[in-house]
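These notes concern the structure reproduced below.
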Amino acid sequence: MPAVSSAAGLLALLEEHNDDLKRYALTNLDKVVHEYWFQISGSIASVEALYEDDEFSHRELAALVASKVFYHLGEFDDALSYALGAGNLFDVNDQSEYVQTLVARCLDQYFELRVKQVEQKEEVKIDSRLTAIVDRMLDKCITAGQYEQAVGVALEGRRLDKLEEVVVRSGEAVRVVRYALRACQELVVVKDFRQKVLRLLVRLYEASPAPDWVDICQCLMFLDDAGEVAKILDRLLQGGPGDELLAAQVCFDLVENEMQSFLGKVQEGLDGLAPKAPAPPPAAAAAEGAPAAGGDAMETDAP
């Protein structure tokens, strides 16, 4: 299409009865909307009408144009609403200020609603299109290797399923789980959800080819699961020299946290796992309980 100096001609095509002409107009309005949004805003009702027309086959394109116009008008809620209506035409991979602004607004709304759902147990309905944009953002981060950002989005969105997906798809499970552990301590305040995150991290740690037992025991300490820590230490102590050193490192780290009550529970767990001494044979037990030879005679000979 040749360069245009005005959007008037394209706007006139929106009033035609032919859907192909309307599609042509919308396609080219989308290309110039950031330059001529002030002109398009005067005919925004026509663009909105096309989006609301269920029989129009290019409703998503109309929604995208409307979203960009409302963005330039400073009506960000309307801009986001139409961006949701644009479906996949709203490209989260676009680095424009328009997309970045609406994605940030989308994430803020989603995080707020998810906190109400998960932590405050409110009956909140979340628009599936909002969730779709968040999912696409997460997929973009994972594909680009931005695992830390993906972990942050998953945690703030209270999405354990997505947190697990980030770790599994990263190919760097231990590093990503270690980052998630730190982020969990900073971002997750509510105990119930934090414990769910820690349980997931323990499971993901243990599933890795080379589990980091030090970090695993740290997670278990935050979960106050002394019994499981005792089992891990017992297993390490029964391994080779390297495992024994690792057990010592775990113990040093636990002591540094100065949680005496937890350490006491770990000690009790280790005592319970320690092998019991075999019972003496019956003959030996009887011999131990019998009086020394001549003992009674010595008593009767006493004056």
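By convention here, the chains of the structure tokens are called A, B, ... in the order presented, each chain's residues are numbered starting at 1, and ligands are numbered starting at 1 in the order presented.
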Practice prompt. For Asp253 in chain A, work out the shell of residues within 9 Å, counting only C-alpha atoms and skipping chain neighbours fewer than 4 positions away, then give it as a PyMOL selection string.
Written response: chain A and resi 214+218+248-249+257
Practice prompt. Find the residues around Gly87 in chain A up to 9 Å (only C-alpha atoms counted), leave out those fewer than 2 positions away in its own chain, and share them as number ranges by chain.
Written response: A: 60, 63-64, 83-85, 89-91, 129, 132-133
Discussion item. I'd like the interatomic distance between CA of Phe262 in chain A and CA of Leu163 in chain A, to a tenth of an Å.
Written reply: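 Calculated distance between CA of Phe262 in chain A and CA of Leu163 in chain A is 28.4 Å.
Remark: for Val188 in chain A, the closest of the candidate residues A:Leu21, A:Ala154, A:Leu14, A:Ile40 is A:Ala154 (distances computed over only C-alpha atoms).
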Worksheet entry | helix (DSSP H, G or I) positions in range 22-78 of chain A, given as a VMD selection string | chain A and resid 22 to 52 59 to 72 76 to 78
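The smallest atom-to-atom distance between Ser57 in chain A and any of A:Val69, A:Asn18, A:Val92, A:Val167, using only C-alpha atoms, is found for A:Asn18.
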Discussion item. One number please: CA of Ser6 in chain A to CA of Glu35 in chain A, in Å, one decimal.
Written reply: 9.3 Å
Item to complete: Find the residues near Phe38 in chain A: any atom within 9 Å, counting only C-alpha atoms, skip ones fewer than 5 places away on the same chain, and give them as a PyMOL selection string.
Response: chain A and resi 33+69+72-73
Restricted to C-alpha atoms, what would the selected residues look like written as a tab-separated table (two decimals), in the first residue's frame?
chain	number	residue	atom	x	y	z
A	33	VAL	CA	-3.09	3.78	13.71
A	69	VAL	CA	-6.89	3.95	19.49
A	72	HIS	CA	-3.48	6.62	22.54
A	73	LEU	CA	-6.54	8.21	24.13
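The coordinates place CA of Cys106 in chain A at 6.8 Å from CA of Leu130 in chain A.
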For Glu156 in chain A: contacts at 10 Å, only C-alpha atoms, fewer than 5 positions along chain excluded, given as a PDB file with N, CA, C and O atoms, in the first residue's frame:
ATOM      1  N   LEU A 107      -0.946  -8.291  33.428  1.00  0.00           N
ATOM      2  CA  LEU A 107      -0.338  -9.073  34.506  1.00  0.00           C
ATOM      3  C   LEU A 107      -0.772  -8.562  35.871  1.00  0.00           C
ATOM      4  O   LEU A 107      -1.078  -9.355  36.777  1.00  0.00           O
ATOM      5  N   ASP A 108      -0.821  -7.251  36.040  1.00  0.00           N
ATOM      6  CA  ASP A 108      -1.237  -6.680  37.328  1.00  0.00           C
ATOM      7  C   ASP A 108      -2.657  -7.115  37.687  1.00  0.00           C
ATOM      8  O   ASP A 108      -2.928  -7.495  38.831  1.00  0.00           O
ATOM      9  N   TYR A 110      -4.262  -9.734  36.534  1.00  0.00           N
ATOM     10  CA  TYR A 110      -4.285 -11.182  36.740  1.00  0.00           C
ATOM     11  C   TYR A 110      -3.736 -11.542  38.108  1.00  0.00           C
ATOM     12  O   TYR A 110      -4.322 -12.367  38.822  1.00  0.00           O
ATOM     13  N   PHE A 111      -2.629 -10.940  38.500  1.00  0.00           N
ATOM     14  CA  PHE A 111      -2.039 -11.235  39.810  1.00  0.00           C
ATOM     15  C   PHE A 111      -3.017 -10.894  40.924  1.00  0.00           C
ATOM     16  O   PHE A 111      -3.180 -11.657  41.884  1.00  0.00           O
ATOM     17  N   GLU A 112      -3.660  -9.747  40.807  1.00  0.00           N
ATOM     18  CA  GLU A 112      -4.607  -9.317  41.835  1.00  0.00           C
ATOM     19  C   GLU A 112      -5.763 -10.311  41.969  1.00  0.00           C
ATOM     20  O   GLU A 112      -6.154 -10.684  43.082  1.00  0.00           O
ATOM     21  N   ARG A 114      -5.798 -13.501  41.030  1.00  0.00           N
ATOM     22  CA  ARG A 114      -5.325 -14.811  41.494  1.00  0.00           C
ATOM     23  C   ARG A 114      -5.061 -14.812  43.000  1.00  0.00           C
ATOM     24  O   ARG A 114      -5.329 -15.811  43.673  1.00  0.00           O
ATOM     25  N   VAL A 115      -4.566 -13.710  43.531  1.00  0.00           N
ATOM     26  CA  VAL A 115      -4.369 -13.622  44.984  1.00  0.00           C
ATOM     27  C   VAL A 115      -5.716 -13.735  45.694  1.00  0.00           C
ATOM     28  O   VAL A 115      -5.829 -14.424  46.718  1.00  0.00           O
ATOM     29  N   ALA A 150      10.110 -15.824  34.107  1.00  0.00           N
ATOM     30  CA  ALA A 150       8.998 -16.776  34.064  1.00  0.00           C
ATOM     31  C   ALA A 150       8.654 -17.274  35.460  1.00  0.00           C
ATOM     32  O   ALA A 150       7.474 -17.417  35.806  1.00  0.00           O
ATOM     33  N   VAL A 151       9.678 -17.540  36.279  1.00  0.00           N
ATOM     34  CA  VAL A 151       9.440 -17.973  37.662  1.00  0.00           C
ATOM     35  C   VAL A 151       8.682 -16.887  38.427  1.00  0.00           C
ATOM     36  O   VAL A 151       7.735 -17.168  39.174  1.00  0.00           O
ATOM     37  N   ALA A 183      13.105 -16.664  45.335  1.00  0.00           N
ATOM     38  CA  ALA A 183      11.976 -15.812  44.959  1.00  0.00           C
ATOM     39  C   ALA A 183      10.754 -16.101  45.821  1.00  0.00           C
ATOM     40  O   ALA A 183      10.006 -15.183  46.186  1.00  0.00           O
ATOM     41  N   CYS A 184      10.554 -17.358  46.160  1.00  0.00           N
ATOM     42  CA  CYS A 184       9.423 -17.741  47.006  1.00  0.00           C
ATOM     43  C   CYS A 184       9.506 -17.052  48.360  1.00  0.00           C
ATOM     44  O   CYS A 184       8.512 -16.551  48.884  1.00  0.00           O
ATOM     45  N   LEU A 187       8.620 -13.262  47.584  1.00  0.00           N
ATOM     46  CA  LEU A 187       7.346 -12.874  46.970  1.00  0.00           C
ATOM     47  C   LEU A 187       6.115 -13.460  47.637  1.00  0.00           C
ATOM     48  O   LEU A 187       5.038 -12.882  47.561  1.00  0.00           O
ATOM     49  N   VAL A 188       6.268 -14.618  48.268  1.00  0.00           N
ATOM     50  CA  VAL A 188       5.092 -15.325  48.803  1.00  0.00           C
ATOM     51  C   VAL A 188       5.024 -15.125  50.309  1.00  0.00           C
ATOM     52  O   VAL A 188       5.897 -15.593  51.053  1.00  0.00           O
TER      53      VAL A 188
END
Discussion item. Give me the residues near Leu204 in chain A as a PyMOL selection string, where near means some atom within 12 Å (using only C-alpha atoms) and where sequence neighbours in that chain fewer than 2 positions away do not count.
Written reply: chain A and resi 160+163-168+172-178+180-181+197-202+206-213+215-216+219
Discussion item. What's around Leu263 in chain A at 9 Å? Count only C-alpha atoms, leave out sequence neighbours fewer than 4 positions away in its own chain, and write the answer as a ChimeraX atom specification.
Written reply: /A:226,251,254-255,258-259,267-268
Go ahead and dump the residues you just picked, N, CA, C and O atoms, as a compact mmCIF listing (two decimals), in the first residue's frame.
# COMPACT_ATOMS: atom_id res chain seq x y z
N ALA A 226 11.09 -32.14 60.04
CA ALA A 226 12.33 -32.68 60.60
C ALA A 226 12.49 -34.17 60.27
O ALA A 226 13.61 -34.65 60.08
N CYS A 251 24.23 -30.40 57.99
CA CYS A 251 24.14 -30.14 59.44
C CYS A 251 24.67 -28.75 59.78
O CYS A 251 24.07 -28.03 60.59
N LEU A 254 22.08 -26.20 58.83
CA LEU A 254 20.94 -26.22 59.75
C LEU A 254 21.29 -25.53 61.06
O LEU A 254 20.48 -24.78 61.62
N VAL A 255 22.50 -25.77 61.56
CA VAL A 255 22.92 -25.14 62.81
C VAL A 255 23.00 -23.63 62.66
O VAL A 255 22.65 -22.87 63.56
N GLU A 258 20.07 -21.55 63.51
CA GLU A 258 19.79 -21.38 64.94
C GLU A 258 18.35 -21.70 65.31
O GLU A 258 17.71 -20.97 66.07
N MET A 259 17.81 -22.76 64.75
CA MET A 259 16.46 -23.22 65.10
C MET A 259 16.61 -24.47 65.97
O MET A 259 16.56 -25.60 65.49
N GLN A 267 17.35 -34.60 65.55
CA GLN A 267 18.11 -35.55 66.37
C GLN A 267 17.24 -36.71 66.81
O GLN A 267 17.66 -37.88 66.77
N GLU A 268 16.02 -36.40 67.21
CA GLU A 268 15.09 -37.47 67.61
C GLU A 268 14.82 -38.40 66.43
O GLU A 268 14.74 -39.62 66.60
